[in-house]
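Student: Take a look at the following structure, please.
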Amino acid sequence: MWRDCRSLIFFISNPELKHKFKKEIAAAGYSQLNALGLTACEAAYRYGEDWHDQLMEYLKENIRFVRTYLEDNLPEIKLIEPDGTYLIWLDFRALGLSEQEREELIVKKAGLWLDSGAMFGSIGEGFERINIACPRSIIMEALDKLKTAVKNL
């Protein structure tokens with residue numbers, strides 16, 4: 001099914017309102033598309049259903065892979081089951097590490113860059129976010145590095 005992606009273009013003449021709108025868009029993580037992006041968006045909606053279905057299945061398999069890997073190799077780190085995103089949350093709280101110690105473990109010892117849950121406030125402390133929208137081999141490499149770092153604590 002095709003949807004008109006051009007509806008994402010806004011013209012706001014009021015400078016104050018435009019500033020507020022841009023601030024809200026930036027906070028939500030959106031950006032404007034260029035002409036190529038609009039064309040790609042249209043093509044995706046017209047012809048991308050098979051690709052989308054395959055992508056969704058691949059992402060589900062990546063989630064299953066992470067879940068099994070953690071259960072088998074890093075039982076102290078728990079997967080928070082996602083509701084519909086390729087950015088999955090991992091619960092590191094059982095390791096008993098401070099934010100700084102966790103960053104040392106992940107960045108310096110494992111050589112990874114995850115999103116600290118602390119950026120979302122106190123409710124996110126002890127959690128890390130990882131992107132699983134990539135080849136499974138990359139996820140395995142990252143988890144192997146994390147496993148080695150955790151085992152050397």
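Residue numbering restarts at 1 for every chain of the structure tokens, chains are lettered A, B, ... in their displayed order, and ligands are numbered from 1 as they appear.
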From a DSSP pass on the backbone, collect the residues of chain A flagged as helix (DSSP H, G or I) and hand them back as a PDB file with N, CA and C atoms, in the first residue's frame.

Tutor:
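Result written to states20.pdb:
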ATOM      1  N   CYS A   5       4.236  10.200   1.109  1.00  0.00           N
ATOM      2  CA  CYS A   5       5.303  10.625   2.007  1.00  0.00           C
ATOM      3  C   CYS A   5       5.510  12.131   1.962  1.00  0.00           C
ATOM      4  N   ARG A   6       5.026  12.780   0.916  1.00  0.00           N
ATOM      5  CA  ARG A   6       5.233  14.225   0.803  1.00  0.00           C
ATOM      6  C   ARG A   6       4.492  14.984   1.887  1.00  0.00           C
ATOM      7  N   SER A   7       3.585  14.344   2.600  1.00  0.00           N
ATOM      8  CA  SER A   7       2.879  15.017   3.680  1.00  0.00           C
ATOM      9  C   SER A   7       3.815  15.329   4.841  1.00  0.00           C
ATOM     10  N   LEU A   8       5.063  14.865   4.770  1.00  0.00           N
ATOM     11  CA  LEU A   8       6.039  15.141   5.814  1.00  0.00           C
ATOM     12  C   LEU A   8       6.709  16.501   5.642  1.00  0.00           C
ATOM     13  N   PRO A  15       8.166  32.598  12.695  1.00  0.00           N
ATOM     14  CA  PRO A  15       9.486  32.178  13.197  1.00  0.00           C
ATOM     15  C   PRO A  15       9.436  31.521  14.580  1.00  0.00           C
ATOM     16  N   GLU A  16       8.615  32.042  15.466  1.00  0.00           N
ATOM     17  CA  GLU A  16       8.522  31.469  16.821  1.00  0.00           C
ATOM     18  C   GLU A  16       7.921  30.055  16.778  1.00  0.00           C
ATOM     19  N   LEU A  17       6.851  29.921  16.014  1.00  0.00           N
ATOM     20  CA  LEU A  17       6.209  28.615  15.869  1.00  0.00           C
ATOM     21  C   LEU A  17       7.139  27.634  15.154  1.00  0.00           C
ATOM     22  N   LYS A  18       7.859  28.127  14.135  1.00  0.00           N
ATOM     23  CA  LYS A  18       8.812  27.290  13.401  1.00  0.00           C
ATOM     24  C   LYS A  18       9.902  26.776  14.338  1.00  0.00           C
ATOM     25  N   HIS A  19      10.422  27.656  15.206  1.00  0.00           N
ATOM     26  CA  HIS A  19      11.450  27.259  16.177  1.00  0.00           C
ATOM     27  C   HIS A  19      10.916  26.184  17.125  1.00  0.00           C
ATOM     28  N   LYS A  20       9.711  26.375  17.634  1.00  0.00           N
ATOM     29  CA  LYS A  20       9.113  25.390  18.542  1.00  0.00           C
ATOM     30  C   LYS A  20       8.909  24.043  17.836  1.00  0.00           C
ATOM     31  N   PHE A  21       8.445  24.111  16.601  1.00  0.00           N
ATOM     32  CA  PHE A  21       8.211  22.891  15.826  1.00  0.00           C
ATOM     33  C   PHE A  21       9.520  22.140  15.611  1.00  0.00           C
ATOM     34  N   LYS A  22      10.571  22.859  15.170  1.00  0.00           N
ATOM     35  CA  LYS A  22      11.870  22.229  14.944  1.00  0.00           C
ATOM     36  C   LYS A  22      12.408  21.603  16.221  1.00  0.00           C
ATOM     37  N   LYS A  23      12.217  22.268  17.337  1.00  0.00           N
ATOM     38  CA  LYS A  23      12.676  21.748  18.629  1.00  0.00           C
ATOM     39  C   LYS A  23      11.966  20.437  18.960  1.00  0.00           C
ATOM     40  N   GLU A  24      10.675  20.387  18.740  1.00  0.00           N
ATOM     41  CA  GLU A  24       9.912  19.168  19.008  1.00  0.00           C
ATOM     42  C   GLU A  24      10.303  18.040  18.055  1.00  0.00           C
ATOM     43  N   ILE A  25      10.498  18.362  16.789  1.00  0.00           N
ATOM     44  CA  ILE A  25      10.912  17.364  15.806  1.00  0.00           C
ATOM     45  C   ILE A  25      12.271  16.793  16.193  1.00  0.00           C
ATOM     46  N   ALA A  26      13.215  17.668  16.573  1.00  0.00           N
ATOM     47  CA  ALA A  26      14.553  17.214  16.977  1.00  0.00           C
ATOM     48  C   ALA A  26      14.462  16.327  18.213  1.00  0.00           C
ATOM     49  N   ALA A  27      13.624  16.696  19.165  1.00  0.00           N
ATOM     50  CA  ALA A  27      13.472  15.902  20.387  1.00  0.00           C
ATOM     51  C   ALA A  27      12.890  14.524  20.092  1.00  0.00           C
ATOM     52  N   ALA A  28      12.064  14.450  19.057  1.00  0.00           N
ATOM     53  CA  ALA A  28      11.454  13.173  18.687  1.00  0.00           C
ATOM     54  C   ALA A  28      12.366  12.329  17.805  1.00  0.00           C
ATOM     55  N   ALA A  35      14.796  15.091  -1.730  1.00  0.00           N
ATOM     56  CA  ALA A  35      14.062  14.538  -2.879  1.00  0.00           C
ATOM     57  C   ALA A  35      14.326  13.049  -3.055  1.00  0.00           C
ATOM     58  N   LEU A  36      15.580  12.620  -2.891  1.00  0.00           N
ATOM     59  CA  LEU A  36      15.904  11.202  -3.008  1.00  0.00           C
ATOM     60  C   LEU A  36      15.197  10.400  -1.908  1.00  0.00           C
ATOM     61  N   GLY A  37      15.167  10.945  -0.715  1.00  0.00           N
ATOM     62  CA  GLY A  37      14.486  10.264   0.381  1.00  0.00           C
ATOM     63  C   GLY A  37      12.995  10.114   0.136  1.00  0.00           C
ATOM     64  N   LEU A  38      12.378  11.146  -0.428  1.00  0.00           N
ATOM     65  CA  LEU A  38      10.953  11.065  -0.749  1.00  0.00           C
ATOM     66  C   LEU A  38      10.688  10.004  -1.809  1.00  0.00           C
ATOM     67  N   THR A  39      11.551   9.934  -2.817  1.00  0.00           N
ATOM     68  CA  THR A  39      11.405   8.933  -3.875  1.00  0.00           C
ATOM     69  C   THR A  39      11.590   7.528  -3.300  1.00  0.00           C
ATOM     70  N   ALA A  40      12.589   7.369  -2.440  1.00  0.00           N
ATOM     71  CA  ALA A  40      12.825   6.076  -1.801  1.00  0.00           C
ATOM     72  C   ALA A  40      11.647   5.683  -0.919  1.00  0.00           C
ATOM     73  N   CYS A  41      11.080   6.654  -0.224  1.00  0.00           N
ATOM     74  CA  CYS A  41       9.918   6.387   0.631  1.00  0.00           C
ATOM     75  C   CYS A  41       8.734   5.903  -0.207  1.00  0.00           C
ATOM     76  N   GLU A  42       8.490   6.578  -1.305  1.00  0.00           N
ATOM     77  CA  GLU A  42       7.403   6.167  -2.188  1.00  0.00           C
ATOM     78  C   GLU A  42       7.643   4.749  -2.715  1.00  0.00           C
ATOM     79  N   ALA A  43       8.875   4.470  -3.155  1.00  0.00           N
ATOM     80  CA  ALA A  43       9.200   3.131  -3.671  1.00  0.00           C
ATOM     81  C   ALA A  43       9.015   2.071  -2.586  1.00  0.00           C
ATOM     82  N   ALA A  44       9.401   2.400  -1.358  1.00  0.00           N
ATOM     83  CA  ALA A  44       9.254   1.439  -0.264  1.00  0.00           C
ATOM     84  C   ALA A  44       7.787   1.092  -0.028  1.00  0.00           C
ATOM     85  N   TYR A  45       6.928   2.117  -0.040  1.00  0.00           N
ATOM     86  CA  TYR A  45       5.507   1.855   0.177  1.00  0.00           C
ATOM     87  C   TYR A  45       4.869   1.132  -1.016  1.00  0.00           C
ATOM     88  N   ARG A  46       5.306   1.417  -2.210  1.00  0.00           N
ATOM     89  CA  ARG A  46       4.727   0.778  -3.396  1.00  0.00           C
ATOM     90  C   ARG A  46       5.215  -0.664  -3.586  1.00  0.00           C
ATOM     91  N   TYR A  47       6.531  -0.888  -3.375  1.00  0.00           N
ATOM     92  CA  TYR A  47       7.137  -2.155  -3.782  1.00  0.00           C
ATOM     93  C   TYR A  47       7.856  -2.899  -2.655  1.00  0.00           C
ATOM     94  N   GLU A  49       6.815  -4.410   0.263  1.00  0.00           N
ATOM     95  CA  GLU A  49       6.145  -5.285   1.230  1.00  0.00           C
ATOM     96  C   GLU A  49       6.912  -6.585   1.468  1.00  0.00           C
ATOM     97  N   ASP A  50       7.385  -7.234   0.414  1.00  0.00           N
ATOM     98  CA  ASP A  50       8.146  -8.480   0.587  1.00  0.00           C
ATOM     99  C   ASP A  50       9.417  -8.232   1.387  1.00  0.00           C
ATOM    100  N   TRP A  51      10.141  -7.166   1.031  1.00  0.00           N
ATOM    101  CA  TRP A  51      11.357  -6.822   1.758  1.00  0.00           C
ATOM    102  C   TRP A  51      11.041  -6.575   3.234  1.00  0.00           C
ATOM    103  N   HIS A  52       9.980  -5.829   3.497  1.00  0.00           N
ATOM    104  CA  HIS A  52       9.591  -5.520   4.871  1.00  0.00           C
ATOM    105  C   HIS A  52       9.275  -6.794   5.649  1.00  0.00           C
ATOM    106  N   ASP A  53       8.525  -7.696   5.036  1.00  0.00           N
ATOM    107  CA  ASP A  53       8.187  -8.951   5.706  1.00  0.00           C
ATOM    108  C   ASP A  53       9.448  -9.754   6.031  1.00  0.00           C
ATOM    109  N   GLN A  54      10.376  -9.805   5.079  1.00  0.00           N
ATOM    110  CA  GLN A  54      11.633 -10.524   5.315  1.00  0.00           C
ATOM    111  C   GLN A  54      12.458  -9.842   6.409  1.00  0.00           C
ATOM    112  N   LEU A  55      12.480  -8.522   6.394  1.00  0.00           N
ATOM    113  CA  LEU A  55      13.205  -7.783   7.423  1.00  0.00           C
ATOM    114  C   LEU A  55      12.628  -8.072   8.804  1.00  0.00           C
ATOM    115  N   MET A  56      11.313  -8.035   8.931  1.00  0.00           N
ATOM    116  CA  MET A  56      10.670  -8.282  10.225  1.00  0.00           C
ATOM    117  C   MET A  56      11.005  -9.679  10.734  1.00  0.00           C
ATOM    118  N   GLU A  57      10.998 -10.656   9.861  1.00  0.00           N
ATOM    119  CA  GLU A  57      11.341 -12.027  10.264  1.00  0.00           C
ATOM    120  C   GLU A  57      12.809 -12.099  10.694  1.00  0.00           C
ATOM    121  N   TYR A  58      13.688 -11.434   9.958  1.00  0.00           N
ATOM    122  CA  TYR A  58      15.113 -11.431  10.306  1.00  0.00           C
ATOM    123  C   TYR A  58      15.328 -10.786  11.675  1.00  0.00           C
ATOM    124  N   LEU A  59      14.636  -9.686  11.936  1.00  0.00           N
ATOM    125  CA  LEU A  59      14.763  -9.022  13.233  1.00  0.00           C
ATOM    126  C   LEU A  59      14.241  -9.908  14.365  1.00  0.00           C
ATOM    127  N   LYS A  60      13.139 -10.617  14.118  1.00  0.00           N
ATOM    128  CA  LYS A  60      12.625 -11.557  15.130  1.00  0.00           C
ATOM    129  C   LYS A  60      13.656 -12.640  15.418  1.00  0.00           C
ATOM    130  N   GLU A  61      14.312 -13.126  14.374  1.00  0.00           N
ATOM    131  CA  GLU A  61      15.359 -14.140  14.559  1.00  0.00           C
ATOM    132  C   GLU A  61      16.556 -13.559  15.311  1.00  0.00           C
ATOM    133  N   ASN A  62      16.890 -12.300  15.050  1.00  0.00           N
ATOM    134  CA  ASN A  62      17.980 -11.672  15.794  1.00  0.00           C
ATOM    135  C   ASN A  62      17.643 -11.554  17.278  1.00  0.00           C
ATOM    136  N   ILE A  63      16.401 -11.235  17.573  1.00  0.00           N
ATOM    137  CA  ILE A  63      15.972 -11.158  18.977  1.00  0.00           C
ATOM    138  C   ILE A  63      16.078 -12.537  19.617  1.00  0.00           C
ATOM    139  N   ARG A  64      15.603 -13.575  18.918  1.00  0.00           N
ATOM    140  CA  ARG A  64      15.718 -14.946  19.442  1.00  0.00           C
ATOM    141  C   ARG A  64      17.185 -15.307  19.676  1.00  0.00           C
ATOM    142  N   PHE A  65      18.046 -14.915  18.734  1.00  0.00           N
ATOM    143  CA  PHE A  65      19.470 -15.199  18.861  1.00  0.00           C
ATOM    144  C   PHE A  65      20.049 -14.542  20.117  1.00  0.00           C
ATOM    145  N   VAL A  66      19.749 -13.257  20.314  1.00  0.00           N
ATOM    146  CA  VAL A  66      20.260 -12.544  21.496  1.00  0.00           C
ATOM    147  C   VAL A  66      19.742 -13.195  22.769  1.00  0.00           C
ATOM    148  N   ARG A  67      18.447 -13.507  22.801  1.00  0.00           N
ATOM    149  CA  ARG A  67      17.855 -14.136  23.982  1.00  0.00           C
ATOM    150  C   ARG A  67      18.593 -15.432  24.326  1.00  0.00           C
ATOM    151  N   THR A  68      18.766 -16.302  23.344  1.00  0.00           N
ATOM    152  CA  THR A  68      19.427 -17.594  23.560  1.00  0.00           C
ATOM    153  C   THR A  68      20.887 -17.400  23.949  1.00  0.00           C
ATOM    154  N   TYR A  69      21.569 -16.484  23.270  1.00  0.00           N
ATOM    155  CA  TYR A  69      22.981 -16.241  23.578  1.00  0.00           C
ATOM    156  C   TYR A  69      23.140 -15.798  25.029  1.00  0.00           C
ATOM    157  N   LEU A  70      22.306 -14.866  25.454  1.00  0.00           N
ATOM    158  CA  LEU A  70      22.391 -14.381  26.835  1.00  0.00           C
ATOM    159  C   LEU A  70      22.093 -15.500  27.823  1.00  0.00           C
ATOM    160  N   GLU A  71      21.048 -16.263  27.575  1.00  0.00           N
ATOM    161  CA  GLU A  71      20.695 -17.362  28.480  1.00  0.00           C
ATOM    162  C   GLU A  71      21.831 -18.366  28.595  1.00  0.00           C
ATOM    163  N   ASP A  72      22.491 -18.662  27.476  1.00  0.00           N
ATOM    164  CA  ASP A  72      23.546 -19.675  27.451  1.00  0.00           C
ATOM    165  C   ASP A  72      24.904 -19.161  27.919  1.00  0.00           C
ATOM    166  N   ASN A  73      25.196 -17.886  27.694  1.00  0.00           N
ATOM    167  CA  ASN A  73      26.542 -17.374  27.915  1.00  0.00           C
ATOM    168  C   ASN A  73      26.668 -16.240  28.922  1.00  0.00           C
ATOM    169  N   ARG A  93      21.746  -4.909  35.570  1.00  0.00           N
ATOM    170  CA  ARG A  93      21.739  -4.615  37.000  1.00  0.00           C
ATOM    171  C   ARG A  93      22.306  -5.736  37.859  1.00  0.00           C
ATOM    172  N   ALA A  94      22.161  -6.983  37.436  1.00  0.00           N
ATOM    173  CA  ALA A  94      22.671  -8.100  38.234  1.00  0.00           C
ATOM    174  C   ALA A  94      24.195  -8.076  38.357  1.00  0.00           C
ATOM    175  N   LEU A  95      24.870  -7.351  37.474  1.00  0.00           N
ATOM    176  CA  LEU A  95      26.329  -7.245  37.572  1.00  0.00           C
ATOM    177  C   LEU A  95      26.756  -6.330  38.712  1.00  0.00           C
ATOM    178  N   GLU A  99      27.240   3.192  36.817  1.00  0.00           N
ATOM    179  CA  GLU A  99      27.190   3.682  35.438  1.00  0.00           C
ATOM    180  C   GLU A  99      28.605   3.783  34.858  1.00  0.00           C
ATOM    181  N   GLN A 100      29.507   4.334  35.621  1.00  0.00           N
ATOM    182  CA  GLN A 100      30.887   4.503  35.161  1.00  0.00           C
ATOM    183  C   GLN A 100      31.579   3.144  34.973  1.00  0.00           C
ATOM    184  N   GLU A 101      31.356   2.215  35.879  1.00  0.00           N
ATOM    185  CA  GLU A 101      31.960   0.877  35.756  1.00  0.00           C
ATOM    186  C   GLU A 101      31.399   0.124  34.549  1.00  0.00           C
ATOM    187  N   ARG A 102      30.097   0.285  34.315  1.00  0.00           N
ATOM    188  CA  ARG A 102      29.475  -0.359  33.162  1.00  0.00           C
ATOM    189  C   ARG A 102      30.019   0.210  31.852  1.00  0.00           C
ATOM    190  N   GLU A 103      30.200   1.522  31.821  1.00  0.00           N
ATOM    191  CA  GLU A 103      30.775   2.141  30.627  1.00  0.00           C
ATOM    192  C   GLU A 103      32.207   1.656  30.408  1.00  0.00           C
ATOM    193  N   GLU A 104      32.966   1.543  31.469  1.00  0.00           N
ATOM    194  CA  GLU A 104      34.335   1.021  31.378  1.00  0.00           C
ATOM    195  C   GLU A 104      34.311  -0.400  30.804  1.00  0.00           C
ATOM    196  N   LEU A 105      33.393  -1.220  31.291  1.00  0.00           N
ATOM    197  CA  LEU A 105      33.262  -2.592  30.818  1.00  0.00           C
ATOM    198  C   LEU A 105      32.908  -2.637  29.334  1.00  0.00           C
ATOM    199  N   ILE A 106      31.901  -1.870  28.949  1.00  0.00           N
ATOM    200  CA  ILE A 106      31.373  -1.946  27.588  1.00  0.00           C
ATOM    201  C   ILE A 106      32.295  -1.263  26.579  1.00  0.00           C
ATOM    202  N   VAL A 107      32.721  -0.056  26.879  1.00  0.00           N
ATOM    203  CA  VAL A 107      33.498   0.716  25.907  1.00  0.00           C
ATOM    204  C   VAL A 107      34.965   0.305  25.898  1.00  0.00           C
ATOM    205  N   LYS A 108      35.575   0.305  27.064  1.00  0.00           N
ATOM    206  CA  LYS A 108      37.028   0.088  27.103  1.00  0.00           C
ATOM    207  C   LYS A 108      37.425  -1.380  27.076  1.00  0.00           C
ATOM    208  N   LYS A 109      36.685  -2.220  27.793  1.00  0.00           N
ATOM    209  CA  LYS A 109      37.076  -3.630  27.848  1.00  0.00           C
ATOM    210  C   LYS A 109      36.483  -4.449  26.708  1.00  0.00           C
ATOM    211  N   GLY A 117      21.163   3.361  29.302  1.00  0.00           N
ATOM    212  CA  GLY A 117      19.797   3.691  29.693  1.00  0.00           C
ATOM    213  C   GLY A 117      19.720   4.922  30.567  1.00  0.00           C
ATOM    214  N   ALA A 118      20.846   5.296  31.186  1.00  0.00           N
ATOM    215  CA  ALA A 118      20.866   6.467  32.053  1.00  0.00           C
ATOM    216  C   ALA A 118      20.510   7.743  31.302  1.00  0.00           C
ATOM    217  N   MET A 119      20.685   7.754  29.978  1.00  0.00           N
ATOM    218  CA  MET A 119      20.328   8.948  29.209  1.00  0.00           C
ATOM    219  C   MET A 119      18.819   9.202  29.248  1.00  0.00           C
ATOM    220  N   PHE A 120      18.058   8.197  29.686  1.00  0.00           N
ATOM    221  CA  PHE A 120      16.609   8.339  29.784  1.00  0.00           C
ATOM    222  C   PHE A 120      16.161   8.645  31.210  1.00  0.00           C
ATOM    223  N   SER A 122      16.682   8.275  35.636  1.00  0.00           N
ATOM    224  CA  SER A 122      16.962   7.259  36.649  1.00  0.00           C
ATOM    225  C   SER A 122      16.280   5.925  36.360  1.00  0.00           C
ATOM    226  N   ILE A 123      15.158   5.948  35.671  1.00  0.00           N
ATOM    227  CA  ILE A 123      14.456   4.702  35.345  1.00  0.00           C
ATOM    228  C   ILE A 123      15.268   3.813  34.400  1.00  0.00           C
ATOM    229  N   GLY A 124      16.195   4.404  33.641  1.00  0.00           N
ATOM    230  CA  GLY A 124      17.006   3.639  32.705  1.00  0.00           C
ATOM    231  C   GLY A 124      18.343   3.178  33.259  1.00  0.00           C
ATOM    232  N   ARG A 136      23.523 -10.930  11.684  1.00  0.00           N
ATOM    233  CA  ARG A 136      23.659 -11.708  12.913  1.00  0.00           C
ATOM    234  C   ARG A 136      25.124 -11.901  13.303  1.00  0.00           C
ATOM    235  N   SER A 137      26.006 -11.985  12.318  1.00  0.00           N
ATOM    236  CA  SER A 137      27.435 -12.151  12.606  1.00  0.00           C
ATOM    237  C   SER A 137      27.978 -10.967  13.408  1.00  0.00           C
ATOM    238  N   ILE A 138      27.467  -9.775  13.160  1.00  0.00           N
ATOM    239  CA  ILE A 138      27.890  -8.581  13.899  1.00  0.00           C
ATOM    240  C   ILE A 138      27.388  -8.666  15.335  1.00  0.00           C
ATOM    241  N   ILE A 139      26.155  -9.114  15.506  1.00  0.00           N
ATOM    242  CA  ILE A 139      25.605  -9.269  16.855  1.00  0.00           C
ATOM    243  C   ILE A 139      26.409 -10.303  17.625  1.00  0.00           C
ATOM    244  N   MET A 140      26.735 -11.415  16.976  1.00  0.00           N
ATOM    245  CA  MET A 140      27.516 -12.456  17.639  1.00  0.00           C
ATOM    246  C   MET A 140      28.886 -11.913  18.054  1.00  0.00           C
ATOM    247  N   GLU A 141      29.515 -11.185  17.164  1.00  0.00           N
ATOM    248  CA  GLU A 141      30.825 -10.605  17.484  1.00  0.00           C
ATOM    249  C   GLU A 141      30.723  -9.682  18.700  1.00  0.00           C
ATOM    250  N   ALA A 142      29.696  -8.841  18.729  1.00  0.00           N
ATOM    251  CA  ALA A 142      29.512  -7.919  19.851  1.00  0.00           C
ATOM    252  C   ALA A 142      29.242  -8.681  21.146  1.00  0.00           C
ATOM    253  N   LEU A 143      28.382  -9.677  21.086  1.00  0.00           N
ATOM    254  CA  LEU A 143      28.070 -10.441  22.296  1.00  0.00           C
ATOM    255  C   LEU A 143      29.275 -11.249  22.772  1.00  0.00           C
ATOM    256  N   ASP A 144      30.069 -11.772  21.847  1.00  0.00           N
ATOM    257  CA  ASP A 144      31.292 -12.478  22.235  1.00  0.00           C
ATOM    258  C   ASP A 144      32.255 -11.541  22.959  1.00  0.00           C
ATOM    259  N   LYS A 145      32.390 -10.310  22.456  1.00  0.00           N
ATOM    260  CA  LYS A 145      33.253  -9.325  23.112  1.00  0.00           C
ATOM    261  C   LYS A 145      32.721  -8.994  24.509  1.00  0.00           C
ATOM    262  N   LEU A 146      31.405  -8.842  24.610  1.00  0.00           N
ATOM    263  CA  LEU A 146      30.799  -8.552  25.898  1.00  0.00           C
ATOM    264  C   LEU A 146      31.005  -9.714  26.862  1.00  0.00           C
ATOM    265  N   LYS A 147      30.833 -10.916  26.376  1.00  0.00           N
ATOM    266  CA  LYS A 147      31.024 -12.122  27.188  1.00  0.00           C
ATOM    267  C   LYS A 147      32.445 -12.164  27.758  1.00  0.00           C
ATOM    268  N   THR A 148      33.430 -11.935  26.908  1.00  0.00           N
ATOM    269  CA  THR A 148      34.820 -11.947  27.350  1.00  0.00           C
ATOM    270  C   THR A 148      35.065 -10.889  28.414  1.00  0.00           C
ATOM    271  N   ALA A 149      34.532  -9.691  28.194  1.00  0.00           N
ATOM    272  CA  ALA A 149      34.709  -8.594  29.158  1.00  0.00           C
ATOM    273  C   ALA A 149      34.053  -8.931  30.492  1.00  0.00           C
ATOM    274  N   VAL A 150      32.849  -9.478  30.462  1.00  0.00           N
ATOM    275  CA  VAL A 150      32.136  -9.815  31.705  1.00  0.00           C
ATOM    276  C   VAL A 150      32.862 -10.928  32.452  1.00  0.00           C
ATOM    277  N   LYS A 151      33.325 -11.925  31.741  1.00  0.00           N
ATOM    278  CA  LYS A 151      34.020 -13.061  32.383  1.00  0.00           C
ATOM    279  C   LYS A 151      35.337 -12.613  33.027  1.00  0.00           C
TER     280      LYS A 151
END

Student: Using DSSP on the backbone coordinates, identify the residues of chain A assigned to strand (DSSP E or B); present them as a list in words.

Tutor: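 Selection result, strand (DSSP E or B) within chain A: Lys78, Leu79, Ile80, Leu87, Ile88, Trp89, Leu90, Asp91, Asp115, Ser116, Phe127, Glu128, Arg129, Ile130 and Asn131 of chain A.
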
Student: Store the residues picked out above in a file with N, CA and C atoms, as a PDB file, in the first residue's frame.

Tutor:
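The result, written out as result_1.pdb:
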ATOM      1  N   LYS A  78      20.019  -9.735  31.219  1.00  0.00           N
ATOM      2  CA  LYS A  78      18.687 -10.159  30.769  1.00  0.00           C
ATOM      3  C   LYS A  78      18.183  -9.301  29.610  1.00  0.00           C
ATOM      4  N   LEU A  79      17.589  -9.951  28.645  1.00  0.00           N
ATOM      5  CA  LEU A  79      16.925  -9.271  27.544  1.00  0.00           C
ATOM      6  C   LEU A  79      15.560  -8.779  28.014  1.00  0.00           C
ATOM      7  N   ILE A  80      15.271  -7.530  27.767  1.00  0.00           N
ATOM      8  CA  ILE A  80      13.927  -7.004  27.985  1.00  0.00           C
ATOM      9  C   ILE A  80      13.193  -7.204  26.660  1.00  0.00           C
ATOM     10  N   LEU A  87      15.807  -1.717  18.495  1.00  0.00           N
ATOM     11  CA  LEU A  87      16.666  -1.253  19.577  1.00  0.00           C
ATOM     12  C   LEU A  87      16.205  -1.979  20.831  1.00  0.00           C
ATOM     13  N   ILE A  88      16.976  -2.978  21.244  1.00  0.00           N
ATOM     14  CA  ILE A  88      16.536  -3.795  22.374  1.00  0.00           C
ATOM     15  C   ILE A  88      17.284  -3.404  23.640  1.00  0.00           C
ATOM     16  N   TRP A  89      16.616  -3.615  24.745  1.00  0.00           N
ATOM     17  CA  TRP A  89      17.160  -3.261  26.047  1.00  0.00           C
ATOM     18  C   TRP A  89      17.739  -4.492  26.729  1.00  0.00           C
ATOM     19  N   LEU A  90      18.909  -4.290  27.334  1.00  0.00           N
ATOM     20  CA  LEU A  90      19.555  -5.334  28.118  1.00  0.00           C
ATOM     21  C   LEU A  90      19.671  -4.838  29.552  1.00  0.00           C
ATOM     22  N   ASP A  91      19.303  -5.703  30.487  1.00  0.00           N
ATOM     23  CA  ASP A  91      19.341  -5.375  31.906  1.00  0.00           C
ATOM     24  C   ASP A  91      20.660  -5.871  32.491  1.00  0.00           C
ATOM     25  N   ASP A 115      23.991   2.229  23.919  1.00  0.00           N
ATOM     26  CA  ASP A 115      23.326   3.400  24.492  1.00  0.00           C
ATOM     27  C   ASP A 115      23.009   3.126  25.944  1.00  0.00           C
ATOM     28  N   SER A 116      23.563   3.931  26.823  1.00  0.00           N
ATOM     29  CA  SER A 116      23.281   3.774  28.247  1.00  0.00           C
ATOM     30  C   SER A 116      21.845   4.182  28.539  1.00  0.00           C
ATOM     31  N   PHE A 127      20.575  -0.269  32.611  1.00  0.00           N
ATOM     32  CA  PHE A 127      20.178  -0.856  31.337  1.00  0.00           C
ATOM     33  C   PHE A 127      21.046  -0.296  30.216  1.00  0.00           C
ATOM     34  N   GLU A 128      21.164  -1.062  29.148  1.00  0.00           N
ATOM     35  CA  GLU A 128      21.866  -0.639  27.937  1.00  0.00           C
ATOM     36  C   GLU A 128      20.972  -0.985  26.757  1.00  0.00           C
ATOM     37  N   ARG A 129      21.083  -0.191  25.704  1.00  0.00           N
ATOM     38  CA  ARG A 129      20.295  -0.418  24.502  1.00  0.00           C
ATOM     39  C   ARG A 129      21.242  -0.787  23.366  1.00  0.00           C
ATOM     40  N   ILE A 130      20.860  -1.810  22.601  1.00  0.00           N
ATOM     41  CA  ILE A 130      21.691  -2.291  21.501  1.00  0.00           C
ATOM     42  C   ILE A 130      20.833  -2.401  20.244  1.00  0.00           C
ATOM     43  N   ASN A 131      21.427  -2.063  19.117  1.00  0.00           N
ATOM     44  CA  ASN A 131      20.749  -2.118  17.823  1.00  0.00           C
ATOM     45  C   ASN A 131      20.968  -3.504  17.222  1.00  0.00           C
TER      46      ASN A 131
END
